[in-house]
Every structure is written in structure tokens, then in C-alpha cells.
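Inspection log for the structure reproduced underneath, given as C-alpha cells.
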Amino acid sequence: MIDVRLLRNEPHVVKAALARRGKPELLVQLDTAISLDEQVRDITARRDTIRARVNELSKLVGTARRTGDNDEAEKLQAESRSLGDDEKSLAESFETAQGQLRDVMLRLPNLPHPDAPDGASDHDNPLVIGPNLMPASFTEHQRMPHWEIADELGILDNERAVKLSGAMFTMQRGAGAMLSRALCQYALDMNADAFEEIRPPSLVTTATLTATGQLPKFAEDAYAIERDDLWCIPTAEAPLTSMYAGEVLDEAQLPLRLMAYSSCYRREAGSAGRDTRGMLRAHEFDKVEIFALSTPETADELLIELRDRAERLIAGLGLPYRIIEICTGDMGQSHHRSFDIEVYAPGCDNWLEVSSVSWFSDYQGRRADIRYRKVGEKGTHIANTLNGSALAVPRVWAAIMENFRQADGSVIIPEVLRPYMRGMDRISPQG
RNA sequence: GGAACGGUGGCAGAGCGGACAAAUGCAUCCGCCUUGAAAGCGGAAGGCUCACAAGGCCCGGGGGUUCGAAUCCCUCCCGUUCCGCCA
């Protein structure tokens, strides 16, 4: 959530920042929020005046009763009773206005960072690093899509996955399954120097998914388990971010770095029918997420640290990649500043988004109510959150197939993964 | 899922219709004492809203009763123990 006080005190600043996202309807919502906030404050002031009087009267009633002045007590009670009715109706209008304000605020996106590049769509995302590790040319045997390669190798069985779970589910087997697990283990080990490993729950409450921004606006994209009022996590970002929800940390604890392997569940409501073959888009996939809680002062360098860590993983695998920065028109709702790492897949002839690293300023911290206290200072501050996919398995898996396919049809396994592959150095066609 | 008992400040724990933002202990901070520390003595100190003050709100969440609720009632959630079920 945007800070209501900022909205109140410097609406032009918020307007200008939000305008950069290029969606005029947001400015309309902003005006709605401003006028709702005025309403709420007006009602609050009136309601609190009445409450103050009721509190005062109640004390006087107590005194009167104790001294035996029952007539006086009756009189005061009558006055308090009638004020009570006014209070009740004001309290109702307060709830209504407050609820409306909250709903609008929860749906308003974050303000972009001043340095985030302007742009209207993904076509305007500037290249910031690379392309790196790009070979001079690709050979004919690399020009096969990974689903065909995997089929030859017998390591992907999506037909049976569909039998079990329906369209857009995948199933790896044999060396393919092992490769998925190896990628996760590799990503965790490479970040274990600074990140505490967490194994979070995969099902979370509505409050948890609201804190990160998936709810209420993007409910269609998440799997809901209505009977138990739980949601399947679309990313480990959700449980990691809310781990410290409602808590007040000491500044000395920051930055706090966490990482988690988890399965991720996405309905892909807006992308049904796209990328239905292979591993490019699935309802369930594995990912290792890295996460940090920080003060605003250290957040910008942490963003680069997370991005460097994600880059190191991809470079370590020897895959051709580039890094782009997300422009204001293409940014996710909670994002303040964001980078994507893309890997080139010669078989699909496409750049695949394999990692997204973002800074959320205090947008999620405020929703989750994560605060910290500075030493010797009264009061609290809202923490900043940052996260990134260290490694999203399926697309990296696909890129390995396509980049490292040999003339004989086998696929070389990157060296860094071999310890996790029981020493296997290549996957060869069966029979 | 059933039963019993619980949920109060950083922690422990009292209060069980009115003077309660809430005793007391521990921890914290500041003085005094001391060469320094400990002990001892004296004092300070919750969060949110709010430009500030005033005021309001916060005793697990929500609702109700009442002039007035931490305290009574309803409901939900969570915890502990026992039973049931079960990787």
C-alpha cells in the first residue's frame, strides 16, 4: 500500500509518480482514495468527540453512584444513552468509508522508483547487462525445441501429467526429474553463505496473500482452497514476506536474508493456451526464492546484490543470458524497481524470463505490518522488502536442453550440477 | 473431529463491571553510590491514529449487553493436555 499520509500531504507527488505507469484509470482511483480519506477523517473527528463525552459522562455516573446521588446519575445516563445512538451511526459510516478506502488502497499499485526507466510496455525495457556467454553461432543440433529433445531422451512425460492433473501440468522422470532437483539444490547451496534456508508452507491464508499484493486484485490467478479458506502459494515470496508480519524488529536485525525452495502454483488465467508444450508455462513448478527485509537506506544495494546472485547462478550454468530493467509501464503492481534475467533458448529461438528481482519499497511491508525500531528512537518504521527468483526451474531446465544438446542427441550437464546428479555428466537418448 | 483448561505489556503474571494503559517480578534505560562493576537506592519507559496538542483506539479477532467491559454473553481463531485419526 502507498502511505496514506503521503497521499494526503503531497497528492501531486503521488499523482506524478503513478502517472508514469501510463494507466489513466489509476489517477481516477487516486482521487477516489483522496476524497474517501477526507471523509474518514471527518467522521473520525466527530465520532471521537462524542466518545470523549461518553467516557467523561461514564466516569461522572460512577462518581454519582458512589456518593449516592442517584438522580444525578440517572440524568447523566440519559444524556450518555442518547449520545450513544449518534456514536453508533457515526461508527457505521466510519466502517463503510474506511472499508471503501482500504479496498481502493489495496488495489492501487506501488510508486515506481525515480530511476526506473519510463516506458509503455515490455518493448521499452532497456537492456542493462549482456547478452553474455552468447556463442558466435548456434549449430543445427541446438535448434530443436526442448520438448522434442526431452522426448528423445525420455525425461519428460507431460501426457501422463495431463492424465493426472489436466492441461498445463508437467512431469519429469529419470534424469529429467533429477535435473530439476539438482537445480534447486545448486541455487540453495550458492546462496547459503548469507541466506537462512526456510521450508515454508505451500498453503497460506488470505491475509498472507494480501500482504504481498496477489490479493485482492489478482485472485483469478491463484488457486483457492475455499473449504478451508487457504490459497496455494504462487511463489515462496508470499510466506517469506509474511514471516515477520505484525512484528517489530530491531534495526540491528536488518537486513534479514532468507531463501526458500518451494513449489509454485499459478492458474495462468490470462495465458491459457499459451506455451502449452514443454516446460515454458505450467500450473505447478519449482523455484528457489531469495528474499530480504531491510531499511530503506540499504535497499538499493540489496536489490543489486540479489540481482548479482541470480545472475551468478545463470552464468555458472554457462547459459547465454541478458538482464533487462522493467520500465514503468510494464512493472508489476507491487514493484518499486525491477530487473528480469532472460536466458536464450536456441531451440525455441526465444529469450526466456528465468528470474525477476524486485524492490517493493514499503508497499508490502505496510500491508504485512512489518516494522523496525531504531536504537534510541521512539516509534517504528515500516520495513522494505525485496525478493528475486534465485532460480525458476522449468525454463532453466529447458534452456539447458536446448543449449547443451550435442550432435549425437545427448545433452551435456553443466559441471556445477554434476555433484547433484550422482556424477552424471550427460543425458543420452535411451535405446 | 470430541473434551477440559487457557490467550493480558519485551518476558512471566495479577486483575474478573467504574478511579485500569492496566499491580508485581524479571529484563531495559537514566541518575545516585563505586576506582570500575555488581548489589542497593531513586526515577523513566508500550503501540496505533495525530503536523502538534487535545481527543480517540488497542488486554487473541469479531459481535452483543451496559451510562460504563480486560472483566458478563455469543461466535470465530490460536495454544496446552487427554481422546480419536494419521504420514
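Ordered as shown in the C-alpha cells, chains take letters A, B, and onward, while each chain numbers its residues from 1 and ligands are numbered from 1 in the order shown.
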Task: Who sits within 7 Å of stretch 54-63 of chain A, only C-alpha atoms (C1' of nucleotides), same chain under 4 positions skipped, as a VMD selection string - done: (chain A and resid 50 67 73 76 to 77 80) or (chain B and resid 18 67 to 68)
TODO: Using DSSP on the backbone coordinates, identify all residues within stretch 110-198 of chain A classified as strand (DSSP E or B); present the result as a list in words.
DONE: Leu127, Val128, Ile129, Gly130, Pro131, Asn132, Leu156, Gln172, Glu196, Glu197 and Ile198 of chain A
Spatial neighbours of B:C30, 12 Å, only C-alpha atoms (C1' of nucleotides), chain gap at least 2 places, as a compact mmCIF listing (two decimals) with all heavy atoms, in the first residue's frame:
# COMPACT_ATOMS: atom_id res chain seq x y z
P U B 28 19.06 -5.81 31.70
OP1 U B 28 20.39 -6.01 31.07
OP2 U B 28 18.97 -5.44 33.14
O5' U B 28 18.24 -4.74 30.86
C5' U B 28 18.16 -4.83 29.44
C4' U B 28 17.41 -3.66 28.89
O4' U B 28 16.05 -3.64 29.41
C3' U B 28 17.96 -2.29 29.29
O3' U B 28 19.07 -1.92 28.50
C2' U B 28 16.75 -1.39 29.06
O2' U B 28 16.58 -1.10 27.69
C1' U B 28 15.60 -2.30 29.52
N1 U B 28 15.20 -2.04 30.92
C2 U B 28 14.45 -0.90 31.19
O2 U B 28 14.12 -0.10 30.32
N3 U B 28 14.09 -0.73 32.49
C4 U B 28 14.40 -1.56 33.55
O4 U B 28 14.01 -1.26 34.68
C5 U B 28 15.19 -2.71 33.20
C6 U B 28 15.55 -2.91 31.92
P C B 32 25.20 10.71 38.66
OP1 C B 32 25.99 11.95 38.60
OP2 C B 32 25.64 9.50 37.93
O5' C B 32 24.99 10.32 40.19
C5' C B 32 24.24 11.19 41.05
C4' C B 32 23.84 10.45 42.29
O4' C B 32 22.84 9.44 41.95
C3' C B 32 24.94 9.65 42.96
O3' C B 32 25.79 10.47 43.73
C2' C B 32 24.14 8.65 43.79
O2' C B 32 23.65 9.24 44.97
C1' C B 32 22.96 8.35 42.86
N1 C B 32 23.14 7.11 42.08
C2 C B 32 22.93 5.87 42.72
O2 C B 32 22.63 5.88 43.93
N3 C B 32 23.09 4.72 42.02
C4 C B 32 23.42 4.76 40.74
N4 C B 32 23.56 3.60 40.10
C5 C B 32 23.63 6.00 40.06
C6 C B 32 23.48 7.14 40.75
P G B 42 13.76 3.30 46.74
OP1 G B 42 12.65 3.59 47.66
OP2 G B 42 13.76 2.08 45.91
O5' G B 42 13.97 4.55 45.78
C5' G B 42 13.98 5.88 46.31
C4' G B 42 14.34 6.86 45.24
O4' G B 42 15.66 6.56 44.71
C3' G B 42 13.45 6.84 44.00
O3' G B 42 12.21 7.51 44.20
C2' G B 42 14.34 7.54 42.99
O2' G B 42 14.38 8.94 43.18
C1' G B 42 15.72 6.95 43.35
N9 G B 42 16.01 5.77 42.50
C8 G B 42 15.94 4.44 42.86
N7 G B 42 16.25 3.64 41.87
C5 G B 42 16.55 4.49 40.82
C6 G B 42 16.95 4.20 39.48
O6 G B 42 17.14 3.10 38.94
N1 G B 42 17.14 5.36 38.74
C2 G B 42 16.96 6.63 39.21
N2 G B 42 17.17 7.62 38.35
N3 G B 42 16.58 6.92 40.44
C4 G B 42 16.39 5.81 41.19
P G B 43 10.95 7.01 43.40
OP1 G B 43 9.83 7.87 43.83
OP2 G B 43 10.85 5.54 43.53
O5' G B 43 11.32 7.32 41.87
C5' G B 43 11.19 8.65 41.37
C4' G B 43 11.89 8.80 40.04
O4' G B 43 13.13 8.05 40.04
C3' G B 43 11.18 8.23 38.82
O3' G B 43 10.11 9.05 38.38
C2' G B 43 12.33 8.22 37.82
O2' G B 43 12.62 9.51 37.34
C1' G B 43 13.48 7.74 38.70
N9 G B 43 13.69 6.30 38.55
C8 G B 43 13.45 5.30 39.47
N7 G B 43 13.73 4.11 39.02
C5 G B 43 14.17 4.32 37.72
C6 G B 43 14.62 3.40 36.73
O6 G B 43 14.72 2.19 36.81
N1 G B 43 14.96 4.06 35.55
C2 G B 43 14.89 5.41 35.34
N2 G B 43 15.26 5.85 34.15
N3 G B 43 14.49 6.27 36.26
C4 G B 43 14.15 5.67 37.42
P A B 44 8.97 8.41 37.50
OP1 A B 44 7.95 9.45 37.29
OP2 A B 44 8.61 7.11 38.10
O5' A B 44 9.70 8.13 36.11
C5' A B 44 10.14 9.21 35.29
C4' A B 44 10.77 8.67 34.03
O4' A B 44 11.85 7.77 34.37
C3' A B 44 9.86 7.83 33.16
O3' A B 44 9.05 8.63 32.33
C2' A B 44 10.85 6.98 32.36
O2' A B 44 11.40 7.71 31.28
C1' A B 44 11.95 6.75 33.40
N9 A B 44 11.84 5.45 34.05
C8 A B 44 11.36 5.17 35.31
N7 A B 44 11.42 3.90 35.64
C5 A B 44 11.98 3.29 34.53
C6 A B 44 12.31 1.96 34.24
N6 A B 44 12.11 0.95 35.09
N1 A B 44 12.84 1.70 33.03
C2 A B 44 13.03 2.71 32.17
N3 A B 44 12.78 4.00 32.34
C4 A B 44 12.24 4.24 33.55
P A B 45 7.59 8.11 31.96
OP1 A B 45 6.95 9.21 31.20
OP2 A B 45 6.94 7.55 33.15
O5' A B 45 7.91 6.92 30.94
C5' A B 45 8.53 7.18 29.69
C4' A B 45 8.96 5.87 29.07
O4' A B 45 9.89 5.19 29.94
C3' A B 45 7.84 4.86 28.88
O3' A B 45 7.12 5.12 27.70
C2' A B 45 8.62 3.55 28.80
O2' A B 45 9.23 3.38 27.54
C1' A B 45 9.71 3.79 29.84
N9 A B 45 9.36 3.25 31.16
C8 A B 45 8.69 3.89 32.18
N7 A B 45 8.52 3.14 33.25
C5 A B 45 9.11 1.94 32.89
C6 A B 45 9.26 0.72 33.59
N6 A B 45 8.82 0.53 34.83
N1 A B 45 9.91 -0.28 32.95
C2 A B 45 10.35 -0.07 31.71
N3 A B 45 10.27 1.02 30.96
C4 A B 45 9.63 1.99 31.61
TODO: Using only C-alpha atoms (C1' of nucleotides), pick whichever of B:A19, B:C33, B:C52, B:C76 has the shortest atom-to-atom distance to chain A.
DONE: B:A19
Interface rows for chain B against chain A: nearest pair, Å to one decimal, 12 Å, only C-alpha atoms (C1' of nucleotides), as a tab-separated table:
residue	atom	partner	partner_atom	distance
B:G10	C1'	A:Val248	CA	10.8
B:G17	C1'	A:Gly62	CA	11.0
B:G18	C1'	A:Gly62	CA	5.3
B:A19	C1'	A:Lys59	CA	8.5
B:U28	C1'	A:Gly376	CA	11.7
B:C29	C1'	A:Gly376	CA	9.5
B:A45	C1'	A:Lys378	CA	10.4
B:G46	C1'	A:Gly379	CA	10.2
B:G47	C1'	A:Gly379	CA	8.4
B:C48	C1'	A:Gly379	CA	10.1
B:U49	C1'	A:Thr44	CA	10.0
B:C50	C1'	A:Arg41	CA	10.6
B:A51	C1'	A:Asn9	CA	10.2
B:A54	C1'	A:Thr49	CA	10.4
B:G55	C1'	A:Asp48	CA	6.7
B:G56	C1'	A:Asp48	CA	5.2
B:C57	C1'	A:Asp48	CA	9.5
B:U66	C1'	A:Arg81	CA	9.9
B:C67	C1'	A:Gln77	CA	4.2
B:G68	C1'	A:Ser58	CA	5.1
Open item on the list: Please compute the atom CA of A:Gly154-atom CA of A:Tyr420 distance, one decimal, in Å.
Closed with: 19.7 Å
Open item on the list: I'd like the contact shell of stretch 233-242 of chain A - 9 Å cut-off, only C-alpha atoms (C1' of nucleotides), skipping same-chain residues fewer than 4 positions apart - returned as a PyMOL selection string.
Closed with: chain A and resi 198+200-204+207-214+221-223+246+258-267+284+287-293+364-365+368-370+385-389
- [ ] Using backbone DSSP assignments, extract all helix (DSSP H, G or I) residues from stretch 127-373 of chain A; output them as a ChimeraX atom specification.
- [x] /A:140-142,146-153,158-165,175-191,206-212,219-221,226-228,237-242,251-253,269-271,296-317,363-368
Open item on the list: as a VMD selection string, please: the residues near A:Arg107 (cut-off 9 Å, only C-alpha atoms (C1' of nucleotides), same-chain neighbours under 4 positions excluded).
Closed with: chain A and resid 1 29 102 to 103 213 215 to 217 333
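What separates atom CA of A:Ile427 from atom CA of A:Arg277 is a distance of 20.7 Å.
Put simply, atom CA of A:Val4 is 25.5 Å away from atom CA of A:Pro255.
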